[in-house]
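Peer 1: There's a structure below that I have some questions on.
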Amino acid sequence: MIEAVLFDLDGTFADTAPDLGEALNHVLSLRGVPALTQATIRPMASHGSPGLLKLGLGIAPGSPDYDAARNDFLQHYEAHICDRTRLFPGMSALIAELEQRDLPWGIVTNKPHRFTVPLMEKLGYAKRAACLVSGDTCEFAKPHPMPMLHAAMLMGVAPETCLYLGDDLRDMQAAQAAGMTGIIASYGYIDPATSPATWPAAGSVNSPFGLLQYFGER
């Protein structure tokens with residue numbers, strides 16, 4: 001029996017890759033590095049600034065210029081957070097259906113609060129969500145179950161009655177650890193080098209509205 005639905009944000013609820021990609025290419029331009037195509041950036045878009053800076057500059061936390069590059073990235077992204085970001089096709093219809101059924105829904109993302117709330121506000125869904133749990137809301141982020149359990153508490157539902165839709169291994173690991181039903185958003189930012197079939201998920205969907213097939217009778 002499903003009583004609530006939770007979503008990852010980047011690559012699941014919204015297609016944020018265009019704006020994240022522009023922020024990365026801004027950083028590359030400042031350093032005289034050729035821009036990357038969206039096709040190259042897209043599979044790494046769920047991995048935030050660390051993953052994108054590693055992709056574009058081959059640097060990681062602790063590397064020379066990492067902190068400066070990350071600051072350039074975040075400043076640009078914050079200023080252009082919803083220029084081209086849109087909900088994935090079918091997501092608005094799914095949310096409308098959930099609300100029609102009086103099922104609460106929310107976001108559990110590793111995106112920092114600094115970006116999660118403004119983005120959801122610009123998309124027009126911040127006040128409609130029953131909870132917005134960011135990467136820095138709790139002591140630990142996904143794949144730790146703490147953010148998932150916190151979201152369930154905020155919605156007033158048992159974790160085992162929640163569906164969680166996400167596009168990354170850590171999403172499914174967090175859902176499993178929290179006792180939730182994890183479903184893979186196969187339309188999201190999945191790296192071709194990964195094997196989603198090995199992830200601890202109950203199934204997958206090719207579009208958001210497909211999630212309804214995993215609902216039990218109410």
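If you're wondering about the labels, chains in the structure tokens are A, B, ... by order shown, residues count from 1 in each chain, ligands from 1 in order shown.
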Which parts of range 36-126 of chain A does DSSP call helix (DSSP H, G or I) when run on the backbone here, written out as a ChimeraX atom specification?

Peer 2: /A:38-57,66-79,91-100,113-123

Peer 1: Determine, counting only C-alpha atoms, which protein, DNA and RNA residues have an atom within 7 Å of an atom of Pro147 in chain A; residues of the same chain fewer than 4 positions away are not included. Present the result as an MDAnalysis selection string.

Peer 2: chainID A and resid 108 133 138 141:142 151

Peer 1: Show which residues sit within 12 Å of Pro34 in chain A, as number ranges by chain. Count only C-alpha atoms, and ignore same-chain residues fewer than 3 positions away.

Peer 2: A: 24-31, 37, 56-57

Peer 1: Report, in Å to a single decimal, how far apart CA of Glu22 in chain A and CA of Leu55 in chain A are.

Peer 2: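 Here the two named atoms are 13.6 Å from each other.
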
Peer 1: Compare A:Pro159, A:Pro43, A:Pro104, A:Gly90 by their minimum atom-to-atom distance to Pro18 in chain A, counting only C-alpha atoms, and give me the closest one.

Peer 2: A:Pro43

Peer 1: I'd like to know which of A:Leu212, A:Met180, A:Ala175, A:Ala185 is closest to Ala93 in chain A, using only C-alpha atoms.

Peer 2: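 Under the stated criterion, the closest residue is A:Leu212.
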
Peer 1: Show me a table, sorted first by chain and then by increasing residue number, of the residues of range 105-177 of chain A having an atom at most 10 Å from range 80-86 of chain A, each with its shortest atom pair and the distance in Å to one decimal, counting only C-alpha atoms and written as JSON lines.

Peer 2:
```
{"residue": "A:Phe115", "atom": "CA", "partner": "A:Ile81", "partner_atom": "CA", "distance": 7.7}
{"residue": "A:Thr116", "atom": "CA", "partner": "A:Ile81", "partner_atom": "CA", "distance": 9.7}
{"residue": "A:Pro118", "atom": "CA", "partner": "A:Ile81", "partner_atom": "CA", "distance": 8.1}
{"residue": "A:Leu119", "atom": "CA", "partner": "A:Cys82", "partner_atom": "CA", "distance": 6.4}
{"residue": "A:Met120", "atom": "CA", "partner": "A:Cys82", "partner_atom": "CA", "distance": 9.2}
{"residue": "A:Glu121", "atom": "CA", "partner": "A:Cys82", "partner_atom": "CA", "distance": 9.8}
{"residue": "A:Lys122", "atom": "CA", "partner": "A:Cys82", "partner_atom": "CA", "distance": 6.7}
{"residue": "A:Leu123", "atom": "CA", "partner": "A:Arg86", "partner_atom": "CA", "distance": 7.3}
```

Peer 1: Excluding Ile2 in chain A and its own-chain neighbours fewer than 5 positions away, which residues fall within 9 Å of it when counting only C-alpha atoms? Please give them as a PyMOL selection string.

Peer 2: chain A and resi 103+160-163+214-218

Peer 1: Find the distance between CA of Leu87 in chain A and CA of Gln173 in chain A and write it in Å to one decimal.

Peer 2: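 Taking CA of Leu87 in chain A as the start and CA of Gln173 in chain A as the end point, the length is 24.2 Å.
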
Peer 1: Which is closer to Phe209 in chain A than all the others in A:Gly135, A:Gly156, A:Gly166, A:Pro89, using only C-alpha atoms?

Peer 2: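 Smallest separation from Phe209 in chain A among the options: A:Pro89.
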
Peer 1: Give me, please, the distance in Å between CA of Arg70 in chain A and CA of Leu53 in chain A, quoted to one decimal.

Peer 2: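 CA of Arg70 in chain A sits 7.4 Å away from CA of Leu53 in chain A.
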
Peer 1: For Gly51 in chain A, list every protein, DNA or RNA residue within 12 Å, evaluated using only C-alpha atoms, and leave out those in the same chain fewer than 2 positions away; present the list as an MDAnalysis selection string.

Peer 2: chainID A and resid 20:21 24 41:49 53:61 66 70 73 191

Peer 1: Tell me which protein, DNA and RNA residues are within 9 Å of Ile184 in chain A, counting only C-alpha atoms, leaving out same-chain ones fewer than 2 positions away, and put them as a list in words.

Peer 2: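 Counting only the stated atoms, we get Thr12, Tyr164, Leu165, Gly166, Asp167, Asp168, Leu169, Asp171, Met172, Gly182, Ser186, Tyr187, Gly188, Pro196, Trp199, Ala201, Ala202, Gly203, Ser204, Val205 and Asn206 of chain A.
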
Peer 1: For the selection you just gave me, I'd like the residues written to a file as a CSV table (one decimal), in the first residue's frame, keeping C-alpha atoms.

Peer 2:
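out-v4.csv, written as the output of this step:
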```
chain,number,residue,atom,x,y,z
A,12,THR,CA,14.4,12.5,-11.8
A,164,TYR,CA,11.1,6.6,-4.0
A,165,LEU,CA,12.0,7.4,-7.6
A,166,GLY,CA,15.6,8.1,-8.5
A,167,ASP,CA,18.2,7.8,-11.2
A,168,ASP,CA,21.4,6.8,-9.3
A,169,LEU,CA,22.7,3.8,-7.4
A,171,ASP,CA,19.1,6.6,-4.5
A,172,MET,CA,18.2,2.9,-4.6
A,182,GLY,CA,13.0,2.1,-4.8
A,186,SER,CA,15.6,5.1,-16.4
A,187,TYR,CA,14.9,8.3,-18.3
A,188,GLY,CA,17.3,10.2,-16.0
A,196,PRO,CA,21.1,-0.4,-13.2
A,199,TRP,CA,20.8,-1.9,-8.3
A,201,ALA,CA,15.4,-1.6,-6.9
A,202,ALA,CA,11.9,-3.0,-7.2
A,203,GLY,CA,11.6,-1.9,-10.9
A,204,SER,CA,12.1,1.0,-13.3
A,205,VAL,CA,10.1,3.4,-15.4
A,206,ASN,CA,10.8,5.0,-18.8
```

Peer 1: Check chain A with DSSP on the backbone and list each residue it calls strand (DSSP E or B), as a list in words.

Peer 2: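 Here is the list: Ala4, Val5, Leu6, Phe7, Asp10, Ala14, Asp15, Arg86, Leu87, Trp105, Gly106, Ile107, Val108, Cys131, Leu132, Val133, Cys162, Leu163, Tyr164, Leu165, Gly166, Thr181, Gly182, Ile183, Ile184, Ala185, Gly203, Ser204 and Val205 of chain A.
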
Peer 1: Based on the selection just made, write C-alpha atoms of those residues as a PDB file, in the first residue's frame.

Peer 2:
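Saved file part07.pdb follows:
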```
ATOM      1  CA  ALA A   4       3.457   8.747  -0.221  1.00  0.00           C
ATOM      2  CA  VAL A   5       5.913   9.290  -3.066  1.00  0.00           C
ATOM      3  CA  LEU A   6       9.397  10.783  -2.881  1.00  0.00           C
ATOM      4  CA  PHE A   7      11.560  11.950  -5.752  1.00  0.00           C
ATOM      5  CA  ASP A  10      18.292  16.243 -10.557  1.00  0.00           C
ATOM      6  CA  ALA A  14      13.542  17.974 -13.185  1.00  0.00           C
ATOM      7  CA  ASP A  15      15.898  18.066 -16.143  1.00  0.00           C
ATOM      8  CA  ARG A  86      12.196  22.006 -16.842  1.00  0.00           C
ATOM      9  CA  LEU A  87      10.210  19.141 -15.365  1.00  0.00           C
ATOM     10  CA  TRP A 105       4.819  13.775  -2.301  1.00  0.00           C
ATOM     11  CA  GLY A 106       8.208  15.296  -1.643  1.00  0.00           C
ATOM     12  CA  ILE A 107      11.817  15.700  -2.695  1.00  0.00           C
ATOM     13  CA  VAL A 108      14.870  14.005  -1.208  1.00  0.00           C
ATOM     14  CA  CYS A 131       8.703  18.061   2.176  1.00  0.00           C
ATOM     15  CA  LEU A 132      11.944  19.285   0.632  1.00  0.00           C
ATOM     16  CA  VAL A 133      14.891  17.392   2.085  1.00  0.00           C
ATOM     17  CA  CYS A 162       6.789   5.191   0.459  1.00  0.00           C
ATOM     18  CA  LEU A 163       7.851   4.881  -3.147  1.00  0.00           C
ATOM     19  CA  TYR A 164      11.144   6.556  -4.042  1.00  0.00           C
ATOM     20  CA  LEU A 165      11.983   7.409  -7.641  1.00  0.00           C
ATOM     21  CA  GLY A 166      15.631   8.125  -8.452  1.00  0.00           C
ATOM     22  CA  THR A 181      10.372   0.779  -2.414  1.00  0.00           C
ATOM     23  CA  GLY A 182      12.994   2.127  -4.808  1.00  0.00           C
ATOM     24  CA  ILE A 183      12.145   2.608  -8.487  1.00  0.00           C
ATOM     25  CA  ILE A 184      14.739   3.592 -11.102  1.00  0.00           C
ATOM     26  CA  ALA A 185      14.033   6.610 -13.300  1.00  0.00           C
ATOM     27  CA  GLY A 203      11.607  -1.891 -10.850  1.00  0.00           C
ATOM     28  CA  SER A 204      12.125   0.952 -13.323  1.00  0.00           C
ATOM     29  CA  VAL A 205      10.107   3.388 -15.415  1.00  0.00           C
TER      30      VAL A 205
END
```
